[in-house]
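Let me begin by presenting the structure, written as structure tokens, before commenting on it.
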Amino acid sequence: MIFKTKSHNLDLYNTLLSLSRNLYFYNKINLKDTFETRIYLMFIHFSLILIIFKRNKTNFSQESYDDLFYSIESNLRESGLGDVAVNKKMKDLNKIFYDILVKINKSNHNLKINKNLIIKYFPQLNDSSYRKYELFNQYFINFYDFCFELHPETMIKDALKFKV
């Protein structure tokens, strides 16, 4: 008997991963280049995309969402984590994603990034001048504005055209 494996669309994962690798975060804002940093950045980008879909009254594909988390899980497995560790990490990452998604925006009209939420996941942005936070905040406001103008059907691929 031949087993059929489900094919997964990696477009969303690849786009979010590419956005999270933007050197702006590491050179200009001086974030640490770690797995957690990249995942948190992916989750913030994804949350903003989902907010745009909701504001445009457009449904986001459950399959795309599932494929994103499948890709993250696959990466954890490839990094050598076992089943128990992967399951625990995925549960934790899901909680973090929903925390970001639910709390990222503090406004019902325009985008207003929740500063406390950002500092929670990026404590290094809590410097005395808040300069790094302001750069971070402006990046995501600009990203949101850029993506808001994109057509929902092509937003995932076109988000890669965003320039700081």
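We name chains A, B, ... following the order of the structure tokens; residues begin at 1 in each chain, and ligands are numbered from 1 as shown.
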
- Item | DSSP helix (DSSP H, G or I) residues within chain A, listed as number ranges by chain | A: 11-20, 23-28, 35-55, 62-78, 83-103, 115-121, 123-125, 131-148, 155-161

Close residues, Asn14 of chain A itself excluded, 12 Å, only C-alpha atoms, min 2 positions apart in chain, as a compact mmCIF listing (two decimals) with N, CA and C atoms, in the first residue's frame:
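So around16.txt came out as:
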```txt
# COMPACT_ATOMS: atom_id res chain seq x y z
N HIS A 8 1.82 20.50 1.60
CA HIS A 8 1.63 21.72 2.38
C HIS A 8 2.12 22.92 1.59
N ASN A 9 1.34 23.98 1.63
CA ASN A 9 1.71 25.23 0.97
C ASN A 9 2.63 25.99 1.93
N LEU A 10 3.82 26.29 1.49
CA LEU A 10 4.81 26.95 2.34
C LEU A 10 4.90 28.45 2.10
N ASP A 11 4.02 29.00 1.26
CA ASP A 11 4.11 30.42 0.92
C ASP A 11 4.04 31.32 2.15
N LEU A 12 3.07 31.09 3.02
CA LEU A 12 2.93 31.93 4.21
C LEU A 12 4.15 31.80 5.10
N LEU A 16 6.73 34.87 5.94
CA LEU A 16 6.93 35.32 7.32
C LEU A 16 8.38 35.11 7.76
N LEU A 17 8.96 34.01 7.36
CA LEU A 17 10.36 33.75 7.71
C LEU A 17 11.27 34.80 7.08
N SER A 18 11.03 35.09 5.82
CA SER A 18 11.83 36.11 5.14
C SER A 18 11.68 37.47 5.81
N LEU A 19 10.45 37.84 6.17
CA LEU A 19 10.24 39.11 6.86
C LEU A 19 10.93 39.14 8.21
N SER A 20 10.95 38.00 8.90
CA SER A 20 11.59 37.95 10.21
C SER A 20 13.11 37.99 10.11
N ARG A 21 13.64 37.74 8.95
CA ARG A 21 15.10 37.78 8.74
C ARG A 21 15.59 39.14 8.26
N MET A 42 7.70 36.67 13.29
CA MET A 42 6.77 36.02 12.36
C MET A 42 5.34 36.16 12.87
N PHE A 46 2.28 38.06 11.06
CA PHE A 46 1.09 37.27 10.75
C PHE A 46 -0.14 37.87 11.42
N SER A 64 -4.07 27.57 5.29
CA SER A 64 -2.82 28.34 5.33
C SER A 64 -2.30 28.45 6.76
N ASP A 67 -0.91 25.09 7.69
CA ASP A 67 0.38 24.88 7.01
C ASP A 67 1.51 25.65 7.69
N LEU A 68 1.23 26.86 8.17
CA LEU A 68 2.24 27.64 8.89
C LEU A 68 2.71 26.88 10.12
N PHE A 69 1.77 26.43 10.93
CA PHE A 69 2.15 25.74 12.16
C PHE A 69 2.75 24.37 11.89
N SER A 71 4.75 23.83 9.37
CA SER A 71 6.13 24.16 9.00
C SER A 71 6.97 24.45 10.23
N ILE A 72 6.41 25.16 11.18
CA ILE A 72 7.14 25.45 12.42
C ILE A 72 7.43 24.14 13.16
N ILE A 156 0.03 37.67 0.74
CA ILE A 156 1.10 36.87 1.32
C ILE A 156 2.37 36.99 0.49
N LYS A 157 2.27 36.84 -0.81
CA LYS A 157 3.46 36.95 -1.66
C LYS A 157 3.92 38.40 -1.81
N ALA A 159 3.66 40.81 0.29
CA ALA A 159 4.21 41.37 1.52
C ALA A 159 5.74 41.39 1.48
N LEU A 160 6.31 40.51 0.69
CA LEU A 160 7.77 40.47 0.55
C LEU A 160 8.33 41.73 -0.12
```

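By chain and then residue number, the residues within 9 Å of Lys89 of chain A are Glu73, Leu76, Val84, Ala85, Leu93 and Asn94 of chain A, counting only C-alpha atoms and disregarding those fewer than 4 positions away in sequence.
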
Residues just named, written with N, CA and C atoms as a compact mmCIF listing (two decimals), in the first residue's frame:
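Output contents, as saved in selection-v4.txt:
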```txt
# COMPACT_ATOMS: atom_id res chain seq x y z
N GLU A 73 6.42 23.29 13.23
CA GLU A 73 6.60 21.99 13.89
C GLU A 73 7.68 21.17 13.18
N LEU A 76 11.09 22.38 14.15
CA LEU A 76 11.47 21.94 15.50
C LEU A 76 11.94 20.49 15.47
N VAL A 84 7.80 14.64 22.49
CA VAL A 84 7.30 15.31 23.70
C VAL A 84 7.72 16.77 23.71
N ALA A 85 8.99 17.03 23.41
CA ALA A 85 9.50 18.41 23.42
C ALA A 85 8.83 19.25 22.33
N LEU A 93 4.09 27.87 21.79
CA LEU A 93 4.09 28.80 20.66
C LEU A 93 2.67 29.20 20.27
N ASN A 94 1.74 28.27 20.33
CA ASN A 94 0.35 28.60 20.04
C ASN A 94 -0.18 29.63 21.03
```

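The space separating atom CA of Asn22 of chain A from atom CA of Asn75 of chain A comes to 19.4 Å.
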
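Atom CA of Ile52 of chain A to atom CA of Lys163 of chain A spans 18.4 Å [interatomic distance, one decimal].
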